[in-house]
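Novice: Have a look at this one.
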Amino acid sequence: MDNKNNSDVKNTTAEDIVPTPMERVYGSVEHIRAVSWLYGIDTVPAEYSRTLVLGCEDGLNLLPFASAYSSAQIVGVELASESLPEKQKNADILLPTNLHLYSLSLEALLGNSWENFDYIIVQGSFSLLANEVTDLLLAFFQQKLSAKGIIALDWFCQPGAKSMEALRDAIQLYSCRGEIFTEQVAQGKAMLSWLNQVSPMSIATESSLGLPLKKANVLSDDLFIHYFLESKNEPSYLVEFNNRIENCGLAYVGDVRPETETPDFYNKALDERWQDIAFGCGKVMGQQYLDIAVNRSQRFSLLVSQSRAPEVSEQVDYSRLADMRWAGGFHRQTSALRVIHNSLASHDGVAVSTDNILTMCILDTLGDAWPYSVSFDQLVFHCRLPDDDPESPFSAYLEKKIINALKALLNKGISSLHFQLDKDRHSLCNEHQVAASESVKLQLQSAPGSLSVINLWQEVVELTEEEREQLLLPSLTLTATNRTLVDSLHHKGVLNASALGWKRYYQQVARNAELVDLNRVPCALLLFSSDVSAGGFYTRTFELLANETDTNAANQDEDSIDGELVVEINSLLIKSKNEKAIALVEHERERLLKTINGCYYLSRFYRRVADDASTALMLTRILSYNSTSLFVYSELAMALYQHRVFWTAGRLARAILCCNRKSSPDWFLLGLLHKESKTLDHAEYCTRQAMALVPNSQQIVGLLGGCFYEQAKTDEGIAFLRKAIRDPISDYYVYSQLAFILSHSKNATAQELIDCHLAYPKAEMAWAAHQTFEGYRPLDKSLDRKLRIGFVSGDLRDWHPVGFFFTPIWDKLDRKQFELYCYNNSPSYLRNAGTDHFEATADAWRDIQHVNPIELAEMVKTDKIDILIDLSGHTGYNWLSTFALKTRADTNFLGRLSCYHGIACNGLLRDYFPCGERSHD
């Protein structure tokens, strides 16, 4: 199936990408069937069809179709003058039994007694035959159409095809220099050669003669004579063509590329103008006006028997886009791990760019599923943005929006976007390991040395020598050395497997993933691990088969965690000896990586030492053992957020919520993301959803209070927080948020502020009274030793009020009298030059993001801190609970609770230091 057209993608492309649209075979049975349905015509499913292809060249382009549908019958015909003996010889050896190739003269073709065909495709050399010959063929094959049969005819049309006439005139003019016929042919080809040389020198010549020259260069002498020297073969206008086909008993349906029949495809501004003149003039005449407006030179027309003319729609029925399955190997374009652009590209590198979130979501979903296609229902499932549209997941409103987005994509003419009416051939694969598709192997074996193949989506794919060798291997095993190569082959759509096979593939990638892989691997793995109810491809049959045959599963019975090792590592962490703890873990890492329990411990450890990147990678590795745990995906999403990979974290959280709308951590995460991006109405909505599921979460209450505060909903926030206090003791954390927001309310009274600030420490001390922690009691009470002062804060950085006001004080502290310890509670992504300054000038630096209040107290005790100072008060990242802890009834507080924002000295030292000059200092 020839007709390899290049599409003009009218989208913004990144500056560093040179667009090279892929070649694609539009004259494929599946595509013709899908487009016919959009025009109102039902045809026979490809799987059971009889197809005749006129102009099949060497027949290798029919191998993908023939090898995929063993029940279909395919006949390929090339003109006897155009056959390629050497290629044909290779193809004959490997032809599937349902593919029959012939090299015939026109007389032999018209004298054949073949049975009726469901699809007749006329292209290639047959598109260059004289009009009277073409009409003869159409009349003949109209009698060979089945009840649901359809013809696809590639032909040159006016007014754009005048360039073909110019080429013919130049050849005929120059051929007159020959006296005999053979000399005239030689002179004509000499002119053709000359035009090939001068055409690139002129933009105008290249534009007008580029396609005709490409066609003419591959003609045999016989067809060259027929087209250029013997006949006028004047291209027709569409209205003339329509008269011709009606005389053959046929009716016009539309174009194989329906987007070319819409003004939008050529120029958005053209649509309104075209509507004005085309209104009420009929389908064919309206298209004729469009051809004139855009100077169209070629059409690939669909034709049916005249008896079916009433079934043909006046224009494309876009509501039928919902009947299609959609596919495309789109990947997000990135310039860094955290910089994700609103543009995607297939393996041809052509960017499809838009700011429309829904369109991006559609293309992301197609990229996850590639090379599989997804149904319209699957698109609705995955494009339901839980944080954007509180409607039902299958609301008519969302479906309409998706139809409009698909219409817009279709009318862009993107060659890497595919749609078809039936299940694609990849989805029908029964091989449970990823391998080269059978049709690709057949093409490579039939054409030794060739680096071009047609994948099962009828894309013309260019390969490297290394990729060709990989495809011809008996089996494909993913390794650390070939993973980039295999990923490229996957992107090019030349690999095939069942849903189980692709699940295993993504699990292998996840096992040794790099950070850059996390932008797409987790969502793709979730898709291939989910059943239909969750928008995926997995089935119970696959699950049973995987349980029987999967040898890669972790040994769940083996307890890989050494209890003594865990105690030793925890002890080192409490003592802030992180480097030693990390070294110990790295020594045991290879053993721990072998089981899911070991991987999970590593993920906990890396989180504890604030290594968010390693945490994310380890959670991804856990998915290689168990890819169906939404809990692990949820933890991964939060780890990605902590590592500031916001786009990926949000996309994964949304995917989880599509499967389980009761996942409060993911609602909470979306709330955080929206708060970061200042889309505060969405942040409030998501946080309310999280709170409805977990009403007693300190983090969720805090986030919702922050949303109210940043939206200036102070009074509403106060009312909400008061309502959230059901028990003054157990809900003590709410008082912290309330104290903060009350200080920004013009309606709050002094008494309210005092009551709230007193209620919080009362509840904290009630909690602390039940703890068994014993605080630090210095043995050395001499007046001349240095005091150790600890500062606890989540705001030790530039561009923050604490950093601004405290830095001068910090720099002036006398280091001869004080040892300064910093307990940093801010996430790693907030670190800046100010943080670096504090760490470089501190005597000791502790990261405490992932410890609890008692562990922090133990850390302070181990560090032998004399005075502990809180710098956060009731703002974010505070650690006030630690300051509430006592030693014993007969000892002093480790630190007195800070109830006010700012700096508070929190040590009762008079038991240890007598009042004197230094104590006053």
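Each chain in the structure tokens gets a letter, A, B, ..., in the order shown, and its residues are numbered from 1; ligands are numbered from 1 in order too.
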If you count only C-alpha atoms, which residues fall within 9 Å of Val35 in chain A, apart from same-chain ones fewer than 4 positions away, as a list in words?
Specialist: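 Result of the neighbour search: Glu30, His31, Tyr39, Gly40, Ile41, Gly254, Asp255, Val256, Arg257, Pro258, Val316, Phe419, Gln420 and Leu421 of chain A.
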Novice: Can you tell me, as a list in words, which residues in range 806-883 of chain A count as strand (DSSP E or B) by DSSP?
Specialist: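 Taking range 806-883 of chain A and keeping strand (DSSP E or B) only, one gets Phe818, Glu819, Leu820, Tyr821, Cys822, Tyr823, Asn824, Ala844, Trp845, Arg846, Asp847, Ile867, Leu868, Ile869 and Asp870 of chain A.
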Novice: Deliver the residues from the most recent selection as a file, using N, CA, C and O atoms, as a PDB file, in the first residue's frame.
Specialist:
```pdb
ATOM      1  N   PHE A 818      29.948  30.228  72.163  1.00  0.00           N
ATOM      2  CA  PHE A 818      28.827  29.363  71.789  1.00  0.00           C
ATOM      3  C   PHE A 818      29.205  28.404  70.653  1.00  0.00           C
ATOM      4  O   PHE A 818      29.937  28.781  69.731  1.00  0.00           O
ATOM      5  N   GLU A 819      28.708  27.183  70.773  1.00  0.00           N
ATOM      6  CA  GLU A 819      28.712  26.243  69.649  1.00  0.00           C
ATOM      7  C   GLU A 819      27.291  26.237  69.082  1.00  0.00           C
ATOM      8  O   GLU A 819      26.321  26.026  69.821  1.00  0.00           O
ATOM      9  N   LEU A 820      27.171  26.453  67.759  1.00  0.00           N
ATOM     10  CA  LEU A 820      25.855  26.632  67.144  1.00  0.00           C
ATOM     11  C   LEU A 820      25.464  25.393  66.342  1.00  0.00           C
ATOM     12  O   LEU A 820      26.180  24.977  65.424  1.00  0.00           O
ATOM     13  N   TYR A 821      24.318  24.828  66.701  1.00  0.00           N
ATOM     14  CA  TYR A 821      23.766  23.654  66.013  1.00  0.00           C
ATOM     15  C   TYR A 821      22.472  24.077  65.295  1.00  0.00           C
ATOM     16  O   TYR A 821      21.637  24.765  65.890  1.00  0.00           O
ATOM     17  N   CYS A 822      22.337  23.647  64.056  1.00  0.00           N
ATOM     18  CA  CYS A 822      21.120  23.936  63.293  1.00  0.00           C
ATOM     19  C   CYS A 822      20.333  22.655  63.051  1.00  0.00           C
ATOM     20  O   CYS A 822      20.897  21.649  62.595  1.00  0.00           O
ATOM     21  N   TYR A 823      19.053  22.688  63.320  1.00  0.00           N
ATOM     22  CA  TYR A 823      18.138  21.577  63.049  1.00  0.00           C
ATOM     23  C   TYR A 823      17.184  22.045  61.946  1.00  0.00           C
ATOM     24  O   TYR A 823      16.223  22.782  62.208  1.00  0.00           O
ATOM     25  N   ASN A 824      17.485  21.653  60.737  1.00  0.00           N
ATOM     26  CA  ASN A 824      16.803  22.169  59.547  1.00  0.00           C
ATOM     27  C   ASN A 824      15.611  21.291  59.178  1.00  0.00           C
ATOM     28  O   ASN A 824      15.771  20.109  58.885  1.00  0.00           O
ATOM     29  N   ALA A 844      27.421  22.319  63.703  1.00  0.00           N
ATOM     30  CA  ALA A 844      26.808  21.046  63.300  1.00  0.00           C
ATOM     31  C   ALA A 844      25.484  21.363  62.602  1.00  0.00           C
ATOM     32  O   ALA A 844      24.787  22.310  62.969  1.00  0.00           O
ATOM     33  N   TRP A 845      25.175  20.538  61.602  1.00  0.00           N
ATOM     34  CA  TRP A 845      23.954  20.737  60.798  1.00  0.00           C
ATOM     35  C   TRP A 845      23.179  19.438  60.768  1.00  0.00           C
ATOM     36  O   TRP A 845      23.734  18.387  60.449  1.00  0.00           O
ATOM     37  N   ARG A 846      21.908  19.486  61.118  1.00  0.00           N
ATOM     38  CA  ARG A 846      21.056  18.296  61.122  1.00  0.00           C
ATOM     39  C   ARG A 846      19.823  18.535  60.233  1.00  0.00           C
ATOM     40  O   ARG A 846      19.121  19.532  60.401  1.00  0.00           O
ATOM     41  N   ASP A 847      19.599  17.615  59.318  1.00  0.00           N
ATOM     42  CA  ASP A 847      18.352  17.634  58.540  1.00  0.00           C
ATOM     43  C   ASP A 847      17.324  16.773  59.269  1.00  0.00           C
ATOM     44  O   ASP A 847      17.570  15.589  59.535  1.00  0.00           O
ATOM     45  N   ILE A 867      20.793  25.067  75.182  1.00  0.00           N
ATOM     46  CA  ILE A 867      19.665  25.958  74.917  1.00  0.00           C
ATOM     47  C   ILE A 867      19.103  25.612  73.547  1.00  0.00           C
ATOM     48  O   ILE A 867      19.845  25.583  72.559  1.00  0.00           O
ATOM     49  N   LEU A 868      17.795  25.358  73.480  1.00  0.00           N
ATOM     50  CA  LEU A 868      17.151  25.048  72.203  1.00  0.00           C
ATOM     51  C   LEU A 868      16.182  26.177  71.860  1.00  0.00           C
ATOM     52  O   LEU A 868      15.332  26.542  72.671  1.00  0.00           O
ATOM     53  N   ILE A 869      16.339  26.724  70.681  1.00  0.00           N
ATOM     54  CA  ILE A 869      15.565  27.898  70.276  1.00  0.00           C
ATOM     55  C   ILE A 869      14.716  27.563  69.055  1.00  0.00           C
ATOM     56  O   ILE A 869      15.215  27.020  68.067  1.00  0.00           O
ATOM     57  N   ASP A 870      13.443  27.900  69.147  1.00  0.00           N
ATOM     58  CA  ASP A 870      12.526  27.705  68.015  1.00  0.00           C
ATOM     59  C   ASP A 870      12.431  28.996  67.205  1.00  0.00           C
ATOM     60  O   ASP A 870      12.266  30.070  67.772  1.00  0.00           O
TER      61      ASP A 870
END
```
Novice: Considering only C-alpha atoms, return as number ranges by chain whatever protein or nucleic-acid residues lie within 8 Å of Ala435 in chain A, sequence-local ones (same chain, fewer than 4 positions apart) excluded.
Specialist: A: 471, 475-476, 495-497
Novice: So that I can see what lies close to range 367-372 of chain A, please list as a PyMOL selection string the residues with an atom at most 9 Å from it, counting only C-alpha atoms and leaving out residues fewer than 6 positions away in the same chain.
Specialist: chain A and resi 326-332+346+423-427+456-457+490-496+499+520-521+523-525+527-528+536
Novice: Just write the chosen residues, C-alpha atoms, as a JSON list (two decimals), in the first residue's frame.
Specialist:
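The file below, selection_19.json, is the result:
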```
[["chain", "number", "residue", "atom", "x", "y", "z"],
["A", 326, "TRP", "CA", -6.78, 5.98, 19.01],
["A", 327, "ALA", "CA", -3.01, 5.52, 19.01],
["A", 328, "GLY", "CA", 0.21, 7.48, 18.78],
["A", 329, "GLY", "CA", 3.74, 7.15, 20.12],
["A", 330, "PHE", "CA", 3.85, 10.60, 21.71],
["A", 331, "HIS", "CA", 6.45, 11.51, 24.32],
["A", 332, "ARG", "CA", 6.61, 14.75, 26.28],
["A", 346, "SER", "CA", 6.55, 10.88, 18.03],
["A", 423, "LYS", "CA", -9.02, -3.41, 17.72],
["A", 424, "ASP", "CA", -5.49, -2.81, 16.51],
["A", 425, "ARG", "CA", -3.16, -5.63, 15.59],
["A", 426, "HIS", "CA", -0.88, -5.00, 18.58],
["A", 427, "SER", "CA", -3.78, -5.61, 20.98],
["A", 456, "LEU", "CA", 1.89, -2.20, 12.09],
["A", 457, "TRP", "CA", 0.53, 1.36, 12.20],
["A", 490, "HIS", "CA", 9.54, 0.67, 21.12],
["A", 491, "HIS", "CA", 9.06, 4.33, 20.25],
["A", 492, "LYS", "CA", 9.23, 3.47, 16.53],
["A", 493, "GLY", "CA", 6.42, 0.94, 16.95],
["A", 494, "VAL", "CA", 8.30, -2.10, 15.63],
["A", 495, "LEU", "CA", 7.99, -4.20, 18.80],
["A", 496, "ASN", "CA", 5.00, -6.29, 19.78],
["A", 499, "ALA", "CA", -0.59, -6.68, 27.62],
["A", 520, "ARG", "CA", 6.55, 8.20, 31.72],
["A", 521, "VAL", "CA", 7.34, 4.70, 33.04],
["A", 523, "CYS", "CA", 1.97, 5.81, 34.38],
["A", 524, "ALA", "CA", 2.56, 3.39, 31.51],
["A", 525, "LEU", "CA", 3.18, 0.52, 33.94],
["A", 527, "LEU", "CA", -1.95, 1.35, 32.56],
["A", 528, "PHE", "CA", -0.71, -2.10, 31.53],
["A", 536, "GLY", "CA", -6.26, -0.56, 31.34]]
```
Novice: Go through range 49-200 of chain A and collect every residue that DSSP, computed from the backbone, puts in helix (DSSP H, G or I); the answer should be as a short mmCIF file (atom, residue, chain, number, x, y, z; two decimals) with N, CA and C atoms, in the first residue's frame.
Specialist:
```
data_model
loop_
_atom_site.label_atom_id
_atom_site.label_comp_id
_atom_site.auth_asym_id
_atom_site.auth_seq_id
_atom_site.Cartn_x
_atom_site.Cartn_y
_atom_site.Cartn_z
N LEU A 60 6.27 -5.68 -0.71
CA LEU A 60 6.75 -5.72 0.67
C LEU A 60 5.89 -4.83 1.59
N ASN A 61 5.31 -3.78 1.01
CA ASN A 61 4.47 -2.90 1.83
C ASN A 61 3.15 -3.54 2.23
N LEU A 62 2.85 -4.72 1.66
CA LEU A 62 1.63 -5.44 2.04
C LEU A 62 1.88 -6.47 3.14
N LEU A 63 3.16 -6.69 3.45
CA LEU A 63 3.49 -7.72 4.45
C LEU A 63 2.90 -7.43 5.84
N PRO A 64 2.95 -6.18 6.35
CA PRO A 64 2.37 -5.94 7.68
C PRO A 64 0.91 -6.34 7.77
N PHE A 65 0.14 -5.99 6.74
CA PHE A 65 -1.29 -6.31 6.75
C PHE A 65 -1.53 -7.81 6.62
N ALA A 66 -0.82 -8.45 5.68
CA ALA A 66 -1.04 -9.87 5.43
C ALA A 66 -0.62 -10.73 6.61
N SER A 67 0.50 -10.39 7.23
CA SER A 67 0.99 -11.21 8.35
C SER A 67 0.15 -11.02 9.60
N ALA A 68 -0.52 -9.87 9.72
CA ALA A 68 -1.32 -9.61 10.91
C ALA A 68 -2.70 -10.24 10.85
N ALA A 80 3.11 -4.93 -15.50
CA ALA A 80 4.21 -5.79 -15.95
C ALA A 80 5.46 -4.99 -16.26
N SER A 81 5.29 -3.76 -16.73
CA SER A 81 6.44 -2.92 -17.08
C SER A 81 7.18 -2.40 -15.86
N GLU A 82 6.53 -2.45 -14.68
CA GLU A 82 7.11 -1.83 -13.49
C GLU A 82 7.65 -2.81 -12.47
N PRO A 85 12.26 -7.39 -10.42
CA PRO A 85 12.53 -8.83 -10.35
C PRO A 85 13.31 -9.29 -9.13
N GLU A 86 14.38 -8.58 -8.76
CA GLU A 86 15.21 -9.06 -7.65
C GLU A 86 14.47 -8.97 -6.32
N LYS A 87 13.82 -7.85 -6.08
CA LYS A 87 13.04 -7.71 -4.84
C LYS A 87 11.90 -8.70 -4.80
N GLN A 88 11.25 -8.87 -5.96
CA GLN A 88 10.11 -9.78 -6.02
C GLN A 88 10.55 -11.20 -5.69
N LYS A 89 11.73 -11.55 -6.16
CA LYS A 89 12.25 -12.90 -5.90
C LYS A 89 12.42 -13.13 -4.41
N ASN A 90 12.98 -12.15 -3.71
CA ASN A 90 13.14 -12.27 -2.26
C ASN A 90 11.79 -12.34 -1.56
N ALA A 91 10.84 -11.53 -2.05
CA ALA A 91 9.53 -11.51 -1.41
C ALA A 91 8.79 -12.82 -1.58
N ASP A 92 8.95 -13.46 -2.73
CA ASP A 92 8.23 -14.71 -2.99
C ASP A 92 8.59 -15.79 -1.97
N ILE A 93 9.82 -15.74 -1.50
CA ILE A 93 10.27 -16.79 -0.57
C ILE A 93 9.52 -16.71 0.75
N LEU A 94 9.23 -15.48 1.20
CA LEU A 94 8.69 -15.28 2.55
C LEU A 94 7.23 -14.84 2.58
N LEU A 106 -2.35 -4.57 -18.59
CA LEU A 106 -3.72 -4.11 -18.41
C LEU A 106 -4.71 -5.10 -19.01
N GLU A 107 -4.35 -5.69 -20.14
CA GLU A 107 -5.23 -6.66 -20.78
C GLU A 107 -5.46 -7.86 -19.88
N ALA A 108 -4.37 -8.36 -19.29
CA ALA A 108 -4.49 -9.53 -18.41
C ALA A 108 -5.30 -9.18 -17.16
N LEU A 109 -5.09 -7.99 -16.66
CA LEU A 109 -5.81 -7.56 -15.46
C LEU A 109 -7.32 -7.51 -15.72
N LEU A 110 -7.71 -6.91 -16.82
CA LEU A 110 -9.13 -6.77 -17.13
C LEU A 110 -9.76 -8.09 -17.54
N GLY A 124 0.09 4.37 -6.80
CA GLY A 124 1.39 4.14 -7.43
C GLY A 124 1.36 4.31 -8.93
N SER A 125 1.87 3.31 -9.65
CA SER A 125 1.94 3.38 -11.11
C SER A 125 0.56 3.50 -11.74
N PHE A 126 -0.46 2.94 -11.11
CA PHE A 126 -1.81 2.99 -11.66
C PHE A 126 -2.41 4.41 -11.59
N SER A 127 -1.86 5.25 -10.71
CA SER A 127 -2.38 6.62 -10.63
C SER A 127 -1.87 7.49 -11.77
N LEU A 128 -0.95 6.96 -12.59
CA LEU A 128 -0.39 7.72 -13.71
C LEU A 128 -0.95 7.29 -15.06
N ASN A 131 -6.65 9.08 -18.35
CA ASN A 131 -8.00 9.13 -17.80
C ASN A 131 -8.90 8.06 -18.38
N GLU A 132 -8.79 7.84 -19.69
CA GLU A 132 -9.67 6.85 -20.32
C GLU A 132 -9.36 5.44 -19.83
N VAL A 133 -8.07 5.17 -19.54
CA VAL A 133 -7.69 3.85 -19.00
C VAL A 133 -8.20 3.70 -17.57
N THR A 134 -8.04 4.77 -16.78
CA THR A 134 -8.53 4.74 -15.40
C THR A 134 -10.03 4.52 -15.35
N ASP A 135 -10.76 5.21 -16.23
CA ASP A 135 -12.21 5.05 -16.27
C ASP A 135 -12.60 3.63 -16.64
N LEU A 136 -11.82 3.02 -17.53
CA LEU A 136 -12.08 1.64 -17.92
C LEU A 136 -11.89 0.70 -16.72
N LEU A 137 -10.83 0.95 -15.96
CA LEU A 137 -10.57 0.13 -14.76
C LEU A 137 -11.67 0.31 -13.72
N LEU A 138 -12.08 1.56 -13.50
CA LEU A 138 -13.13 1.83 -12.51
C LEU A 138 -14.44 1.15 -12.88
N ALA A 139 -14.80 1.22 -14.13
CA ALA A 139 -16.04 0.57 -14.58
C ALA A 139 -15.95 -0.93 -14.39
N PHE A 140 -14.76 -1.49 -14.66
CA PHE A 140 -14.58 -2.94 -14.51
C PHE A 140 -14.66 -3.34 -13.04
N PHE A 141 -13.96 -2.60 -12.17
CA PHE A 141 -13.89 -3.02 -10.77
C PHE A 141 -15.12 -2.60 -9.98
N GLN A 142 -15.92 -1.72 -10.54
CA GLN A 142 -17.21 -1.45 -9.90
C GLN A 142 -18.04 -2.71 -9.87
N LYS A 162 -1.39 21.44 -12.40
CA LYS A 162 -0.85 22.11 -13.59
C LYS A 162 0.66 21.97 -13.63
N SER A 163 1.29 21.79 -12.48
CA SER A 163 2.74 21.59 -12.46
C SER A 163 3.12 20.30 -13.18
N MET A 164 2.24 19.27 -13.08
CA MET A 164 2.49 18.03 -13.80
C MET A 164 2.40 18.27 -15.31
N GLU A 165 1.48 19.13 -15.72
CA GLU A 165 1.37 19.49 -17.13
C GLU A 165 2.62 20.23 -17.58
N ALA A 166 3.12 21.13 -16.72
CA ALA A 166 4.34 21.86 -17.07
C ALA A 166 5.51 20.92 -17.24
N LEU A 167 5.59 19.93 -16.38
CA LEU A 167 6.66 18.95 -16.50
C LEU A 167 6.52 18.17 -17.82
N ARG A 168 5.29 17.77 -18.12
CA ARG A 168 5.04 17.04 -19.36
C ARG A 168 5.40 17.91 -20.58
N ASP A 169 5.03 19.18 -20.54
CA ASP A 169 5.33 20.08 -21.66
C ASP A 169 6.84 20.21 -21.86
N ALA A 170 7.58 20.34 -20.77
CA ALA A 170 9.04 20.48 -20.88
C ALA A 170 9.66 19.23 -21.48
N ILE A 171 9.19 18.06 -21.06
CA ILE A 171 9.74 16.80 -21.57
C ILE A 171 9.39 16.62 -23.05
N GLN A 172 8.14 16.90 -23.40
CA GLN A 172 7.74 16.74 -24.80
C GLN A 172 8.48 17.74 -25.70
N LEU A 173 8.67 18.97 -25.22
CA LEU A 173 9.37 19.97 -26.01
C LEU A 173 10.81 19.55 -26.30
N TYR A 174 11.47 19.03 -25.27
CA TYR A 174 12.87 18.64 -25.44
C TYR A 174 13.01 17.34 -26.23
N SER A 175 12.02 16.44 -26.07
CA SER A 175 12.10 15.16 -26.77
C SER A 175 11.99 15.34 -28.29
N PHE A 181 11.84 7.37 -32.28
CA PHE A 181 11.14 7.26 -31.00
C PHE A 181 12.10 7.01 -29.84
N THR A 182 13.08 6.12 -30.03
CA THR A 182 14.02 5.81 -28.94
C THR A 182 14.84 7.04 -28.56
N GLU A 183 15.18 7.87 -29.56
CA GLU A 183 15.92 9.09 -29.27
C GLU A 183 15.04 10.09 -28.51
N GLN A 184 13.77 10.13 -28.87
CA GLN A 184 12.85 11.03 -28.19
C GLN A 184 12.73 10.66 -26.70
N VAL A 185 12.69 9.34 -26.42
CA VAL A 185 12.65 8.90 -25.02
C VAL A 185 13.92 9.32 -24.31
N ALA A 186 15.06 9.13 -24.95
CA ALA A 186 16.34 9.50 -24.33
C ALA A 186 16.40 11.00 -24.07
N GLN A 187 15.92 11.81 -25.03
CA GLN A 187 15.93 13.25 -24.85
C GLN A 187 14.96 13.67 -23.73
N GLY A 188 13.82 13.01 -23.68
CA GLY A 188 12.86 13.31 -22.62
C GLY A 188 13.44 13.04 -21.25
N LYS A 189 14.15 11.93 -21.10
CA LYS A 189 14.76 11.59 -19.80
C LYS A 189 15.93 12.52 -19.49
N ALA A 190 16.59 13.03 -20.55
CA ALA A 190 17.65 14.00 -20.33
C ALA A 190 17.07 15.28 -19.72
N MET A 191 15.90 15.70 -20.23
CA MET A 191 15.23 16.87 -19.65
C MET A 191 14.84 16.61 -18.20
N LEU A 192 14.37 15.39 -17.93
CA LEU A 192 14.00 15.03 -16.56
C LEU A 192 15.21 15.12 -15.64
N SER A 193 16.36 14.63 -16.12
CA SER A 193 17.59 14.69 -15.34
C SER A 193 18.00 16.14 -15.09
N TRP A 194 17.86 16.98 -16.10
CA TRP A 194 18.24 18.39 -15.95
C TRP A 194 17.34 19.09 -14.92
N LEU A 195 16.04 18.81 -14.97
CA LEU A 195 15.12 19.41 -14.02
C LEU A 195 15.42 18.98 -12.59
N ASN A 196 15.85 17.73 -12.43
CA ASN A 196 16.24 17.25 -11.10
C ASN A 196 17.41 18.05 -10.55
N GLN A 197 18.31 18.50 -11.44
CA GLN A 197 19.48 19.25 -11.01
C GLN A 197 19.15 20.70 -10.68
N VAL A 198 18.28 21.32 -11.50
CA VAL A 198 18.02 22.74 -11.31
C VAL A 198 16.89 23.02 -10.35
N SER A 199 16.03 22.04 -10.09
CA SER A 199 14.89 22.27 -9.22
C SER A 199 15.27 22.76 -7.83
N PRO A 200 16.29 22.17 -7.17
CA PRO A 200 16.66 22.66 -5.84
C PRO A 200 17.21 24.07 -5.84
#
```
Novice: Could you state the separation of CA of Thr615 in chain A and CA of Ser335 in chain A in Å, given to one decimal place?
Specialist: 23.0 Å
Novice: Please provide the set of residues having any atom within 12 Å of range 718-725 of chain A, restricted to only C-alpha atoms, with same-chain residues fewer than 5 positions apart removed, written as number ranges by chain.
Specialist: A: 688, 691-692, 694-698, 700-709, 712-713, 730-748, 752-753, 756, 759-760, 763
